[in-house]
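Trainee: My structure file model-v7.cif, mmCIF, N, CA and C atoms, is below:
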data_work
#
loop_
_atom_site.label_atom_id
_atom_site.label_comp_id
_atom_site.auth_asym_id
_atom_site.auth_seq_id
_atom_site.Cartn_x
_atom_site.Cartn_y
_atom_site.Cartn_z
N MET S 1 -26.20 22.00 -17.23
CA MET S 1 -24.77 21.72 -17.23
C MET S 1 -24.35 21.04 -15.92
N ARG S 2 -24.87 21.56 -14.81
CA ARG S 2 -24.52 21.01 -13.51
C ARG S 2 -24.92 19.54 -13.42
N TYR S 3 -26.09 19.18 -13.97
CA TYR S 3 -26.55 17.79 -13.92
C TYR S 3 -25.69 16.88 -14.79
N ILE S 4 -25.20 17.40 -15.89
CA ILE S 4 -24.32 16.61 -16.76
C ILE S 4 -23.02 16.31 -16.01
N LEU S 5 -22.46 17.31 -15.37
CA LEU S 5 -21.23 17.12 -14.61
C LEU S 5 -21.43 16.11 -13.48
N LEU S 6 -22.53 16.24 -12.74
CA LEU S 6 -22.81 15.30 -11.66
C LEU S 6 -23.00 13.88 -12.19
N SER S 7 -23.65 13.75 -13.33
CA SER S 7 -23.84 12.42 -13.94
C SER S 7 -22.52 11.81 -14.34
N LEU S 8 -21.63 12.62 -14.93
CA LEU S 8 -20.32 12.12 -15.33
C LEU S 8 -19.50 11.69 -14.12
N LEU S 9 -19.55 12.46 -13.04
CA LEU S 9 -18.83 12.10 -11.83
C LEU S 9 -19.38 10.79 -11.25
N PHE S 10 -20.70 10.63 -11.27
CA PHE S 10 -21.30 9.40 -10.78
C PHE S 10 -20.87 8.21 -11.62
N LEU S 11 -20.93 8.34 -12.94
CA LEU S 11 -20.53 7.25 -13.82
C LEU S 11 -19.06 6.90 -13.66
N ALA S 12 -18.22 7.89 -13.48
CA ALA S 12 -16.79 7.64 -13.30
C ALA S 12 -16.54 6.87 -12.01
N SER S 13 -17.29 7.19 -10.97
CA SER S 13 -17.10 6.48 -9.70
C SER S 13 -17.59 5.04 -9.80
N CYS S 14 -18.53 4.76 -10.66
CA CYS S 14 -19.04 3.39 -10.82
C CYS S 14 -18.09 2.50 -11.59
N THR S 15 -17.20 3.07 -12.36
CA THR S 15 -16.31 2.26 -13.18
C THR S 15 -15.01 1.91 -12.49
N SER S 16 -14.75 2.47 -11.31
CA SER S 16 -13.49 2.14 -10.65
C SER S 16 -13.53 0.70 -10.17
N LYS S 17 -12.43 -0.01 -10.36
CA LYS S 17 -12.34 -1.43 -10.02
C LYS S 17 -12.19 -1.58 -8.52
N GLN S 18 -12.99 -2.47 -7.95
CA GLN S 18 -12.84 -2.80 -6.55
C GLN S 18 -12.11 -4.12 -6.44
N HIS S 19 -11.34 -4.25 -5.40
CA HIS S 19 -10.56 -5.46 -5.20
C HIS S 19 -11.05 -6.20 -3.96
N ALA S 20 -10.93 -7.51 -3.98
CA ALA S 20 -11.42 -8.34 -2.88
C ALA S 20 -10.62 -8.14 -1.60
N ILE S 21 -9.31 -8.00 -1.73
CA ILE S 21 -8.43 -7.87 -0.57
C ILE S 21 -7.57 -6.61 -0.74
N ASN S 22 -7.58 -5.77 0.28
CA ASN S 22 -6.75 -4.57 0.31
C ASN S 22 -5.82 -4.69 1.51
N HIS S 23 -4.53 -4.59 1.25
CA HIS S 23 -3.49 -4.83 2.25
C HIS S 23 -2.74 -3.52 2.45
N VAL S 24 -2.79 -2.98 3.67
CA VAL S 24 -2.18 -1.69 3.97
C VAL S 24 -1.16 -1.88 5.08
N VAL S 25 0.05 -1.36 4.85
CA VAL S 25 1.15 -1.54 5.79
C VAL S 25 1.72 -0.17 6.15
N PHE S 26 1.87 0.08 7.45
CA PHE S 26 2.48 1.31 7.95
C PHE S 26 3.80 0.94 8.62
N ILE S 27 4.88 1.57 8.18
CA ILE S 27 6.22 1.22 8.62
C ILE S 27 6.90 2.41 9.28
N GLU S 28 7.48 2.16 10.43
CA GLU S 28 8.35 3.14 11.07
C GLU S 28 9.74 2.52 11.13
N LEU S 29 10.71 3.20 10.58
CA LEU S 29 12.08 2.70 10.51
C LEU S 29 12.89 3.14 11.73
N ASN S 30 13.89 2.35 12.08
CA ASN S 30 14.83 2.76 13.12
C ASN S 30 15.63 3.97 12.67
N ASP S 31 15.91 4.05 11.38
CA ASP S 31 16.72 5.12 10.81
C ASP S 31 15.95 5.76 9.65
N ALA S 32 15.41 6.93 9.89
CA ALA S 32 14.57 7.60 8.88
C ALA S 32 15.34 7.97 7.60
N THR S 33 16.66 7.93 7.65
CA THR S 33 17.43 8.22 6.42
C THR S 33 17.29 7.09 5.40
N GLN S 34 16.68 5.97 5.79
CA GLN S 34 16.51 4.84 4.88
C GLN S 34 15.14 4.83 4.19
N ILE S 35 14.36 5.87 4.38
CA ILE S 35 13.02 5.94 3.79
C ILE S 35 13.07 5.76 2.27
N ASP S 36 13.90 6.53 1.60
CA ASP S 36 13.98 6.45 0.13
C ASP S 36 14.42 5.06 -0.33
N ALA S 37 15.35 4.45 0.40
CA ALA S 37 15.82 3.11 0.03
C ALA S 37 14.70 2.09 0.17
N LEU S 38 13.91 2.20 1.24
CA LEU S 38 12.80 1.27 1.43
C LEU S 38 11.77 1.42 0.32
N ILE S 39 11.42 2.66 -0.02
CA ILE S 39 10.45 2.90 -1.09
C ILE S 39 10.96 2.36 -2.42
N THR S 40 12.21 2.61 -2.73
CA THR S 40 12.80 2.12 -3.98
C THR S 40 12.78 0.59 -4.03
N ASP S 41 13.13 -0.04 -2.92
CA ASP S 41 13.16 -1.49 -2.86
C ASP S 41 11.74 -2.07 -2.97
N SER S 42 10.80 -1.45 -2.30
CA SER S 42 9.41 -1.90 -2.36
C SER S 42 8.87 -1.77 -3.79
N ASP S 43 9.15 -0.64 -4.42
CA ASP S 43 8.72 -0.43 -5.82
C ASP S 43 9.29 -1.52 -6.74
N ALA S 44 10.54 -1.89 -6.51
CA ALA S 44 11.20 -2.87 -7.37
C ALA S 44 10.75 -4.29 -7.09
N ARG S 45 10.68 -4.65 -5.82
CA ARG S 45 10.43 -6.07 -5.49
C ARG S 45 8.97 -6.41 -5.26
N LEU S 46 8.23 -5.54 -4.59
CA LEU S 46 6.86 -5.90 -4.23
C LEU S 46 5.84 -5.55 -5.31
N ALA S 47 6.00 -4.40 -5.93
CA ALA S 47 5.04 -4.00 -6.97
C ALA S 47 5.07 -4.93 -8.17
N SER S 48 6.18 -5.62 -8.37
CA SER S 48 6.32 -6.48 -9.54
C SER S 48 5.77 -7.89 -9.35
N ILE S 49 5.31 -8.21 -8.16
CA ILE S 49 4.73 -9.54 -7.92
C ILE S 49 3.44 -9.65 -8.74
N PRO S 50 3.31 -10.70 -9.56
CA PRO S 50 2.21 -10.78 -10.53
C PRO S 50 0.79 -10.67 -9.95
N THR S 51 0.55 -11.13 -8.74
CA THR S 51 -0.82 -11.08 -8.21
C THR S 51 -1.20 -9.72 -7.63
N VAL S 52 -0.25 -8.78 -7.55
CA VAL S 52 -0.55 -7.42 -7.08
C VAL S 52 -1.26 -6.68 -8.20
N LYS S 53 -2.52 -6.29 -7.95
CA LYS S 53 -3.32 -5.61 -8.99
C LYS S 53 -3.27 -4.10 -8.88
N ASP S 54 -2.98 -3.60 -7.69
CA ASP S 54 -2.85 -2.16 -7.50
C ASP S 54 -1.83 -1.97 -6.38
N TYR S 55 -1.05 -0.89 -6.47
CA TYR S 55 0.06 -0.70 -5.54
C TYR S 55 0.37 0.78 -5.43
N PHE S 56 0.73 1.19 -4.20
CA PHE S 56 1.26 2.53 -3.99
C PHE S 56 2.13 2.48 -2.75
N CYS S 57 3.24 3.18 -2.78
CA CYS S 57 4.15 3.26 -1.64
C CYS S 57 4.61 4.71 -1.52
N GLY S 58 4.51 5.28 -0.31
CA GLY S 58 4.96 6.65 -0.13
C GLY S 58 4.95 7.06 1.33
N THR S 59 5.19 8.34 1.55
CA THR S 59 5.25 8.91 2.89
C THR S 59 3.96 9.69 3.17
N HIS S 60 3.75 10.01 4.45
CA HIS S 60 2.52 10.72 4.81
C HIS S 60 2.53 12.15 4.28
N VAL S 61 1.33 12.65 4.09
CA VAL S 61 1.14 14.02 3.61
C VAL S 61 1.10 14.95 4.82
N PRO S 62 1.91 15.99 4.85
CA PRO S 62 1.89 16.92 5.98
C PRO S 62 0.68 17.86 5.88
N SER S 63 -0.50 17.33 6.21
CA SER S 63 -1.75 18.08 6.04
C SER S 63 -1.98 19.12 7.12
N GLY S 64 -1.29 18.97 8.27
CA GLY S 64 -1.49 19.92 9.36
C GLY S 64 -2.74 19.64 10.18
N ARG S 65 -3.45 18.56 9.88
CA ARG S 65 -4.66 18.20 10.60
C ARG S 65 -4.30 17.34 11.81
N ASP S 66 -4.80 17.71 12.97
CA ASP S 66 -4.51 16.98 14.20
C ASP S 66 -5.06 15.55 14.17
N SER S 67 -6.13 15.33 13.45
CA SER S 67 -6.76 14.00 13.43
C SER S 67 -6.06 13.01 12.51
N VAL S 68 -5.12 13.49 11.70
CA VAL S 68 -4.39 12.62 10.77
C VAL S 68 -3.12 12.11 11.45
N LEU S 69 -3.01 10.80 11.55
CA LEU S 69 -1.85 10.21 12.21
C LEU S 69 -0.62 10.28 11.30
N THR S 70 0.49 10.62 11.90
CA THR S 70 1.76 10.71 11.16
C THR S 70 2.85 9.91 11.86
N ASP S 71 2.45 8.87 12.57
CA ASP S 71 3.39 8.09 13.37
C ASP S 71 4.00 6.93 12.58
N TYR S 72 4.30 7.18 11.33
CA TYR S 72 4.93 6.18 10.47
C TYR S 72 5.82 6.92 9.47
N ASP S 73 6.76 6.19 8.88
CA ASP S 73 7.64 6.78 7.87
C ASP S 73 7.16 6.49 6.45
N VAL S 74 6.70 5.26 6.24
CA VAL S 74 6.29 4.81 4.90
C VAL S 74 5.00 4.01 5.03
N ALA S 75 4.09 4.22 4.08
CA ALA S 75 2.89 3.40 3.98
C ALA S 75 2.89 2.72 2.62
N VAL S 76 2.41 1.48 2.61
CA VAL S 76 2.36 0.72 1.36
C VAL S 76 0.95 0.15 1.23
N TYR S 77 0.38 0.29 0.03
CA TYR S 77 -0.96 -0.22 -0.25
C TYR S 77 -0.88 -1.23 -1.39
N PHE S 78 -1.55 -2.36 -1.20
CA PHE S 78 -1.64 -3.40 -2.22
C PHE S 78 -3.10 -3.80 -2.38
N ALA S 79 -3.48 -4.18 -3.60
CA ALA S 79 -4.82 -4.72 -3.85
C ALA S 79 -4.68 -6.06 -4.55
N PHE S 80 -5.56 -6.97 -4.17
CA PHE S 80 -5.57 -8.32 -4.74
C PHE S 80 -7.00 -8.70 -5.11
N ASP S 81 -7.14 -9.50 -6.15
CA ASP S 81 -8.47 -9.89 -6.62
C ASP S 81 -9.08 -11.04 -5.83
N SER S 82 -8.27 -11.74 -5.04
CA SER S 82 -8.80 -12.88 -4.29
C SER S 82 -7.86 -13.19 -3.12
N MET S 83 -8.35 -14.01 -2.22
CA MET S 83 -7.53 -14.45 -1.10
C MET S 83 -6.39 -15.33 -1.61
N ASP S 84 -6.64 -16.13 -2.65
CA ASP S 84 -5.57 -16.94 -3.24
C ASP S 84 -4.46 -16.06 -3.80
N ALA S 85 -4.84 -14.96 -4.46
CA ALA S 85 -3.84 -14.03 -5.01
C ALA S 85 -3.03 -13.40 -3.89
N TYR S 86 -3.69 -13.06 -2.79
CA TYR S 86 -3.01 -12.50 -1.62
C TYR S 86 -2.01 -13.51 -1.05
N GLN S 87 -2.42 -14.78 -0.92
CA GLN S 87 -1.54 -15.81 -0.40
C GLN S 87 -0.33 -16.03 -1.32
N GLU S 88 -0.54 -15.95 -2.62
CA GLU S 88 0.59 -16.07 -3.56
C GLU S 88 1.59 -14.94 -3.33
N TYR S 89 1.09 -13.74 -3.08
CA TYR S 89 1.95 -12.60 -2.77
C TYR S 89 2.75 -12.86 -1.48
N VAL S 90 2.06 -13.31 -0.44
CA VAL S 90 2.71 -13.56 0.86
C VAL S 90 3.83 -14.58 0.71
N ASN S 91 3.61 -15.60 -0.12
CA ASN S 91 4.58 -16.69 -0.29
C ASN S 91 5.58 -16.45 -1.42
N HIS S 92 5.47 -15.34 -2.12
CA HIS S 92 6.36 -15.04 -3.25
C HIS S 92 7.78 -14.75 -2.73
N PRO S 93 8.80 -15.24 -3.42
CA PRO S 93 10.20 -15.00 -2.98
C PRO S 93 10.55 -13.52 -2.84
N ASN S 94 9.98 -12.64 -3.68
CA ASN S 94 10.26 -11.20 -3.54
C ASN S 94 9.76 -10.67 -2.21
N HIS S 95 8.56 -11.09 -1.81
CA HIS S 95 7.99 -10.63 -0.54
C HIS S 95 8.79 -11.19 0.63
N ILE S 96 9.08 -12.47 0.58
CA ILE S 96 9.85 -13.10 1.67
C ILE S 96 11.22 -12.44 1.82
N GLY S 97 11.91 -12.20 0.72
CA GLY S 97 13.22 -11.55 0.77
C GLY S 97 13.13 -10.12 1.28
N PHE S 98 12.11 -9.39 0.84
CA PHE S 98 11.92 -8.01 1.30
C PHE S 98 11.74 -7.98 2.81
N VAL S 99 10.86 -8.85 3.33
CA VAL S 99 10.61 -8.90 4.78
C VAL S 99 11.88 -9.27 5.53
N GLU S 100 12.60 -10.27 5.05
CA GLU S 100 13.84 -10.68 5.72
C GLU S 100 14.87 -9.55 5.75
N ASP S 101 14.97 -8.80 4.66
CA ASP S 101 15.95 -7.72 4.58
C ASP S 101 15.58 -6.52 5.45
N TRP S 102 14.29 -6.17 5.51
CA TRP S 102 13.87 -4.95 6.18
C TRP S 102 13.43 -5.13 7.62
N LYS S 103 13.01 -6.31 8.00
CA LYS S 103 12.50 -6.53 9.37
C LYS S 103 13.47 -6.06 10.45
N PRO S 104 14.77 -6.33 10.33
CA PRO S 104 15.70 -5.87 11.37
C PRO S 104 15.82 -4.34 11.44
N LYS S 105 15.37 -3.65 10.42
CA LYS S 105 15.51 -2.19 10.36
C LYS S 105 14.25 -1.46 10.81
N LEU S 106 13.23 -2.22 11.24
CA LEU S 106 11.94 -1.62 11.58
C LEU S 106 11.84 -1.30 13.06
N LYS S 107 11.32 -0.12 13.34
CA LYS S 107 10.98 0.25 14.71
C LYS S 107 9.57 -0.25 15.03
N SER S 108 8.67 -0.12 14.06
CA SER S 108 7.31 -0.64 14.25
C SER S 108 6.70 -0.96 12.89
N LEU S 109 5.70 -1.84 12.94
CA LEU S 109 5.02 -2.29 11.73
C LEU S 109 3.56 -2.53 12.09
N ARG S 110 2.67 -1.93 11.31
CA ARG S 110 1.24 -2.18 11.46
C ARG S 110 0.71 -2.63 10.11
N VAL S 111 -0.06 -3.71 10.13
CA VAL S 111 -0.59 -4.28 8.89
C VAL S 111 -2.09 -4.39 9.04
N TYR S 112 -2.82 -3.93 8.02
CA TYR S 112 -4.28 -4.01 8.00
C TYR S 112 -4.70 -4.68 6.70
N ASP S 113 -5.54 -5.71 6.82
CA ASP S 113 -6.11 -6.38 5.65
C ASP S 113 -7.61 -6.10 5.67
N ILE S 114 -8.09 -5.54 4.56
CA ILE S 114 -9.46 -5.07 4.47
C ILE S 114 -10.13 -5.75 3.29
N SER S 115 -11.30 -6.34 3.54
CA SER S 115 -12.02 -6.98 2.44
C SER S 115 -13.02 -6.02 1.83
N ASP S 116 -13.31 -6.27 0.57
CA ASP S 116 -14.27 -5.43 -0.14
C ASP S 116 -15.65 -6.03 -0.03
#
How does the structure come out when it is put into structure tokens?

Mentor:
Amino acid sequence: MRYILLSLLFLASCTSKQHAINHVVFIELNDATQIDALITDSDARLASIPTVKDYFCGTHVPSGRDSVLTDYDVAVYFAFDSMDAYQEYVNHPNHIGFVEDWKPKLKSLRVYDISD
């Protein structure tokens, strides 16, 4: 039974889709009361961009672990199938408008692009 379970877990991990470009953004706002508004706006404008293949936006988990950084208010994850798809996202009017609207409200912004 144990070997069947291990085999199923292995097969399940092999079927998960990998993406060529993973874009991770950590945001600290000037006013933390705007966290919910930022998440709602990101969900509406950024997740709907056609080249975004995977998306998640949320706040950090209060794990209580000293090694886990919590120096941000909101993190956003995007996945793209190619560099061209990523560039289409960057140049999309929804992304440009989102950045223009929220940039003045940011205390800090860290962006990481990771290739598969």

Trainee: For this file, the PyMOL selection byres (((chain S and resi 58 and name CA) around 6) and name CA) selects which residues, as a PDB file with N, CA and C atoms, in the frame of the given file?

Mentor:
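Done, and the output landed in part-v5.pdb:
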ATOM      1  N   CYS S  57       3.240   3.180  -2.780  1.00  0.00           N
ATOM      2  CA  CYS S  57       4.150   3.260  -1.640  1.00  0.00           C
ATOM      3  C   CYS S  57       4.610   4.710  -1.520  1.00  0.00           C
ATOM      4  N   THR S  59       5.190   8.340   1.550  1.00  0.00           N
ATOM      5  CA  THR S  59       5.250   8.910   2.890  1.00  0.00           C
ATOM      6  C   THR S  59       3.960   9.690   3.170  1.00  0.00           C
ATOM      7  N   VAL S  74       6.700   5.260   6.240  1.00  0.00           N
ATOM      8  CA  VAL S  74       6.290   4.810   4.900  1.00  0.00           C
ATOM      9  C   VAL S  74       5.000   4.010   5.030  1.00  0.00           C
ATOM     10  N   ALA S  75       4.090   4.220   4.080  1.00  0.00           N
ATOM     11  CA  ALA S  75       2.890   3.400   3.980  1.00  0.00           C
ATOM     12  C   ALA S  75       2.890   2.720   2.620  1.00  0.00           C
TER      13      ALA S  75
END

Trainee: For a quick check of understanding, using all atoms listed in the file, which of S:Thr33, S:Thr51, S:Ser42, S:Ile27 has the smallest distance to Ala85 in chain S?

Mentor: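 Checking each of S:Thr33, S:Thr51, S:Ser42, S:Ile27 against Ala85 in chain S, counting all atoms listed in the file, the winner is S:Thr51.
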
Trainee: List as a count of residues only: which residues have an atom within 8 Å of (-7.6, -8.3, 6.1), counting only N, CA and C atoms?

Mentor: 9

Trainee: Tell me, in Å to one decimal, how far atom N of Asp101 in chain S is from atom C of Pro50 in chain S.

Mentor: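 Separation of atom N of Asp101 in chain S and atom C of Pro50 in chain S: 20.4 Å.
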
Trainee: Dump as a ChimeraX atom specification all residues having an atom at most 7 Å from (-8.6, -4.9, -5.6), computed in the file's coordinates with only N, CA and C atoms.

Mentor: /S:17-22,53-54,78-82

Trainee: Applying the PyMOL selection byres ((chain S and resi 28) around 5) to the file I just gave you, which residues come out? Please list them as a PDB file with N, CA and C atoms, keeping the file's coordinate frame.

Mentor:
ATOM      1  N   PHE S  26       1.870   0.080   7.450  1.00  0.00           N
ATOM      2  CA  PHE S  26       2.480   1.310   7.950  1.00  0.00           C
ATOM      3  C   PHE S  26       3.800   0.940   8.620  1.00  0.00           C
ATOM      4  N   ILE S  27       4.880   1.570   8.180  1.00  0.00           N
ATOM      5  CA  ILE S  27       6.220   1.220   8.620  1.00  0.00           C
ATOM      6  C   ILE S  27       6.900   2.410   9.280  1.00  0.00           C
ATOM      7  N   LEU S  29      10.710   3.200  10.580  1.00  0.00           N
ATOM      8  CA  LEU S  29      12.080   2.700  10.510  1.00  0.00           C
ATOM      9  C   LEU S  29      12.890   3.140  11.730  1.00  0.00           C
ATOM     10  N   ASN S  30      13.890   2.350  12.080  1.00  0.00           N
ATOM     11  CA  ASN S  30      14.830   2.760  13.120  1.00  0.00           C
ATOM     12  C   ASN S  30      15.630   3.970  12.670  1.00  0.00           C
ATOM     13  N   TYR S  72       4.300   7.180  11.330  1.00  0.00           N
ATOM     14  CA  TYR S  72       4.930   6.180  10.470  1.00  0.00           C
ATOM     15  C   TYR S  72       5.820   6.920   9.470  1.00  0.00           C
ATOM     16  N   ASP S  73       6.760   6.190   8.880  1.00  0.00           N
ATOM     17  CA  ASP S  73       7.640   6.780   7.870  1.00  0.00           C
ATOM     18  C   ASP S  73       7.160   6.490   6.450  1.00  0.00           C
ATOM     19  N   LEU S 106      13.230  -2.220  11.240  1.00  0.00           N
ATOM     20  CA  LEU S 106      11.940  -1.620  11.580  1.00  0.00           C
ATOM     21  C   LEU S 106      11.840  -1.300  13.060  1.00  0.00           C
ATOM     22  N   LYS S 107      11.320  -0.120  13.340  1.00  0.00           N
ATOM     23  CA  LYS S 107      10.980   0.250  14.710  1.00  0.00           C
ATOM     24  C   LYS S 107       9.570  -0.250  15.030  1.00  0.00           C
ATOM     25  N   SER S 108       8.670  -0.120  14.060  1.00  0.00           N
ATOM     26  CA  SER S 108       7.310  -0.640  14.250  1.00  0.00           C
ATOM     27  C   SER S 108       6.700  -0.960  12.890  1.00  0.00           C
TER      28      SER S 108
END

Trainee: In Å, rounded to a single decimal, give me how far CA of Glu88 in chain S is from CA of Leu46 in chain S.

Mentor: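 So the two atoms, CA of Leu46 in chain S and CA of Glu88 in chain S, lie 12.0 Å apart.
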
Trainee: Measure the distance from CA of Pro93 in chain S to atom C of Thr40 in chain S in Å and round it to one decimal.

Mentor: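 If I compute the distance from CA of Pro93 in chain S to atom C of Thr40 in chain S, I get 15.8 Å.
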
Trainee: Which residue is closest to His60 in chain S? Choose from S:Val76, S:Ala47, S:Leu38, S:Ile96 and count only C-alpha atoms.

Mentor: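 Using only C-alpha atoms, His60 in chain S sits closest to S:Val76.
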
Trainee: Per DSSP on the backbone, what are the helix (DSSP H, G or I) residues of chain S, as a compact mmCIF listing (two decimals) with N, CA and C atoms, in the coordinates of the input?

Mentor:
# COMPACT_ATOMS: atom_id res chain seq x y z
N ARG S 2 -24.87 21.56 -14.81
CA ARG S 2 -24.52 21.01 -13.51
C ARG S 2 -24.92 19.54 -13.42
N TYR S 3 -26.09 19.18 -13.97
CA TYR S 3 -26.55 17.79 -13.92
C TYR S 3 -25.69 16.88 -14.79
N ILE S 4 -25.20 17.40 -15.89
CA ILE S 4 -24.32 16.61 -16.76
C ILE S 4 -23.02 16.31 -16.01
N LEU S 5 -22.46 17.31 -15.37
CA LEU S 5 -21.23 17.12 -14.61
C LEU S 5 -21.43 16.11 -13.48
N LEU S 6 -22.53 16.24 -12.74
CA LEU S 6 -22.81 15.30 -11.66
C LEU S 6 -23.00 13.88 -12.19
N SER S 7 -23.65 13.75 -13.33
CA SER S 7 -23.84 12.42 -13.94
C SER S 7 -22.52 11.81 -14.34
N LEU S 8 -21.63 12.62 -14.93
CA LEU S 8 -20.32 12.12 -15.33
C LEU S 8 -19.50 11.69 -14.12
N LEU S 9 -19.55 12.46 -13.04
CA LEU S 9 -18.83 12.10 -11.83
C LEU S 9 -19.38 10.79 -11.25
N PHE S 10 -20.70 10.63 -11.27
CA PHE S 10 -21.30 9.40 -10.78
C PHE S 10 -20.87 8.21 -11.62
N LEU S 11 -20.93 8.34 -12.94
CA LEU S 11 -20.53 7.25 -13.82
C LEU S 11 -19.06 6.90 -13.66
N ALA S 12 -18.22 7.89 -13.48
CA ALA S 12 -16.79 7.64 -13.30
C ALA S 12 -16.54 6.87 -12.01
N SER S 13 -17.29 7.19 -10.97
CA SER S 13 -17.10 6.48 -9.70
C SER S 13 -17.59 5.04 -9.80
N CYS S 14 -18.53 4.76 -10.66
CA CYS S 14 -19.04 3.39 -10.82
C CYS S 14 -18.09 2.50 -11.59
N ALA S 32 15.41 6.93 9.89
CA ALA S 32 14.57 7.60 8.88
C ALA S 32 15.34 7.97 7.60
N THR S 33 16.66 7.93 7.65
CA THR S 33 17.43 8.22 6.42
C THR S 33 17.29 7.09 5.40
N GLN S 34 16.68 5.97 5.79
CA GLN S 34 16.51 4.84 4.88
C GLN S 34 15.14 4.83 4.19
N ILE S 35 14.36 5.87 4.38
CA ILE S 35 13.02 5.94 3.79
C ILE S 35 13.07 5.76 2.27
N ASP S 36 13.90 6.53 1.60
CA ASP S 36 13.98 6.45 0.13
C ASP S 36 14.42 5.06 -0.33
N ALA S 37 15.35 4.45 0.40
CA ALA S 37 15.82 3.11 0.03
C ALA S 37 14.70 2.09 0.17
N LEU S 38 13.91 2.20 1.24
CA LEU S 38 12.80 1.27 1.43
C LEU S 38 11.77 1.42 0.32
N ILE S 39 11.42 2.66 -0.02
CA ILE S 39 10.45 2.90 -1.09
C ILE S 39 10.96 2.36 -2.42
N THR S 40 12.21 2.61 -2.73
CA THR S 40 12.80 2.12 -3.98
C THR S 40 12.78 0.59 -4.03
N ASP S 41 13.13 -0.04 -2.92
CA ASP S 41 13.16 -1.49 -2.86
C ASP S 41 11.74 -2.07 -2.97
N SER S 42 10.80 -1.45 -2.30
CA SER S 42 9.41 -1.90 -2.36
C SER S 42 8.87 -1.77 -3.79
N ASP S 43 9.15 -0.64 -4.42
CA ASP S 43 8.72 -0.43 -5.82
C ASP S 43 9.29 -1.52 -6.74
N ALA S 44 10.54 -1.89 -6.51
CA ALA S 44 11.20 -2.87 -7.37
C ALA S 44 10.75 -4.29 -7.09
N ARG S 45 10.68 -4.65 -5.82
CA ARG S 45 10.43 -6.07 -5.49
C ARG S 45 8.97 -6.41 -5.26
N MET S 83 -8.35 -14.01 -2.22
CA MET S 83 -7.53 -14.45 -1.10
C MET S 83 -6.39 -15.33 -1.61
N ASP S 84 -6.64 -16.13 -2.65
CA ASP S 84 -5.57 -16.94 -3.24
C ASP S 84 -4.46 -16.06 -3.80
N ALA S 85 -4.84 -14.96 -4.46
CA ALA S 85 -3.84 -14.03 -5.01
C ALA S 85 -3.03 -13.40 -3.89
N TYR S 86 -3.69 -13.06 -2.79
CA TYR S 86 -3.01 -12.50 -1.62
C TYR S 86 -2.01 -13.51 -1.05
N GLN S 87 -2.42 -14.78 -0.92
CA GLN S 87 -1.54 -15.81 -0.40
C GLN S 87 -0.33 -16.03 -1.32
N GLU S 88 -0.54 -15.95 -2.62
CA GLU S 88 0.59 -16.07 -3.56
C GLU S 88 1.59 -14.94 -3.33
N TYR S 89 1.09 -13.74 -3.08
CA TYR S 89 1.95 -12.60 -2.77
C TYR S 89 2.75 -12.86 -1.48
N VAL S 90 2.06 -13.31 -0.44
CA VAL S 90 2.71 -13.56 0.86
C VAL S 90 3.83 -14.58 0.71
N ASN S 91 3.61 -15.60 -0.12
CA ASN S 91 4.58 -16.69 -0.29
C ASN S 91 5.58 -16.45 -1.42
N PRO S 93 8.80 -15.24 -3.42
CA PRO S 93 10.20 -15.00 -2.98
C PRO S 93 10.55 -13.52 -2.84
N ASN S 94 9.98 -12.64 -3.68
CA ASN S 94 10.26 -11.20 -3.54
C ASN S 94 9.76 -10.67 -2.21
N HIS S 95 8.56 -11.09 -1.81
CA HIS S 95 7.99 -10.63 -0.54
C HIS S 95 8.79 -11.19 0.63
N ILE S 96 9.08 -12.47 0.58
CA ILE S 96 9.85 -13.10 1.67
C ILE S 96 11.22 -12.44 1.82
N GLY S 97 11.91 -12.20 0.72
CA GLY S 97 13.22 -11.55 0.77
C GLY S 97 13.13 -10.12 1.28
N PHE S 98 12.11 -9.39 0.84
CA PHE S 98 11.92 -8.01 1.30
C PHE S 98 11.74 -7.98 2.81
N VAL S 99 10.86 -8.85 3.33
CA VAL S 99 10.61 -8.90 4.78
C VAL S 99 11.88 -9.27 5.53
N GLU S 100 12.60 -10.27 5.05
CA GLU S 100 13.84 -10.68 5.72
C GLU S 100 14.87 -9.55 5.75
N ASP S 101 14.97 -8.80 4.66
CA ASP S 101 15.95 -7.72 4.58
C ASP S 101 15.58 -6.52 5.45
N TRP S 102 14.29 -6.17 5.51
CA TRP S 102 13.87 -4.95 6.18
C TRP S 102 13.43 -5.13 7.62
N LYS S 103 13.01 -6.31 8.00
CA LYS S 103 12.50 -6.53 9.37
C LYS S 103 13.47 -6.06 10.45
N PRO S 104 14.77 -6.33 10.33
CA PRO S 104 15.70 -5.87 11.37
C PRO S 104 15.82 -4.34 11.44
N LYS S 105 15.37 -3.65 10.42
CA LYS S 105 15.51 -2.19 10.36
C LYS S 105 14.25 -1.46 10.81

Trainee: Please report, as a VMD selection string, each residue of chain S to which DSSP assigns strand (DSSP E) when run on this structure's backbone.

Mentor: chain S and resid 21 to 29 54 to 58 74 to 80 106 to 115

Trainee: Find the residues near Asn94 in chain S: any atom within 8 Å, counting only N, CA and C atoms, skip ones fewer than 6 places away on the same chain, and give them as a list in words.

Mentor: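 Near Asn94 in chain S, the qualifying residues are Ala44, Arg45, Leu46, Ile49 and Glu100 of chain S.
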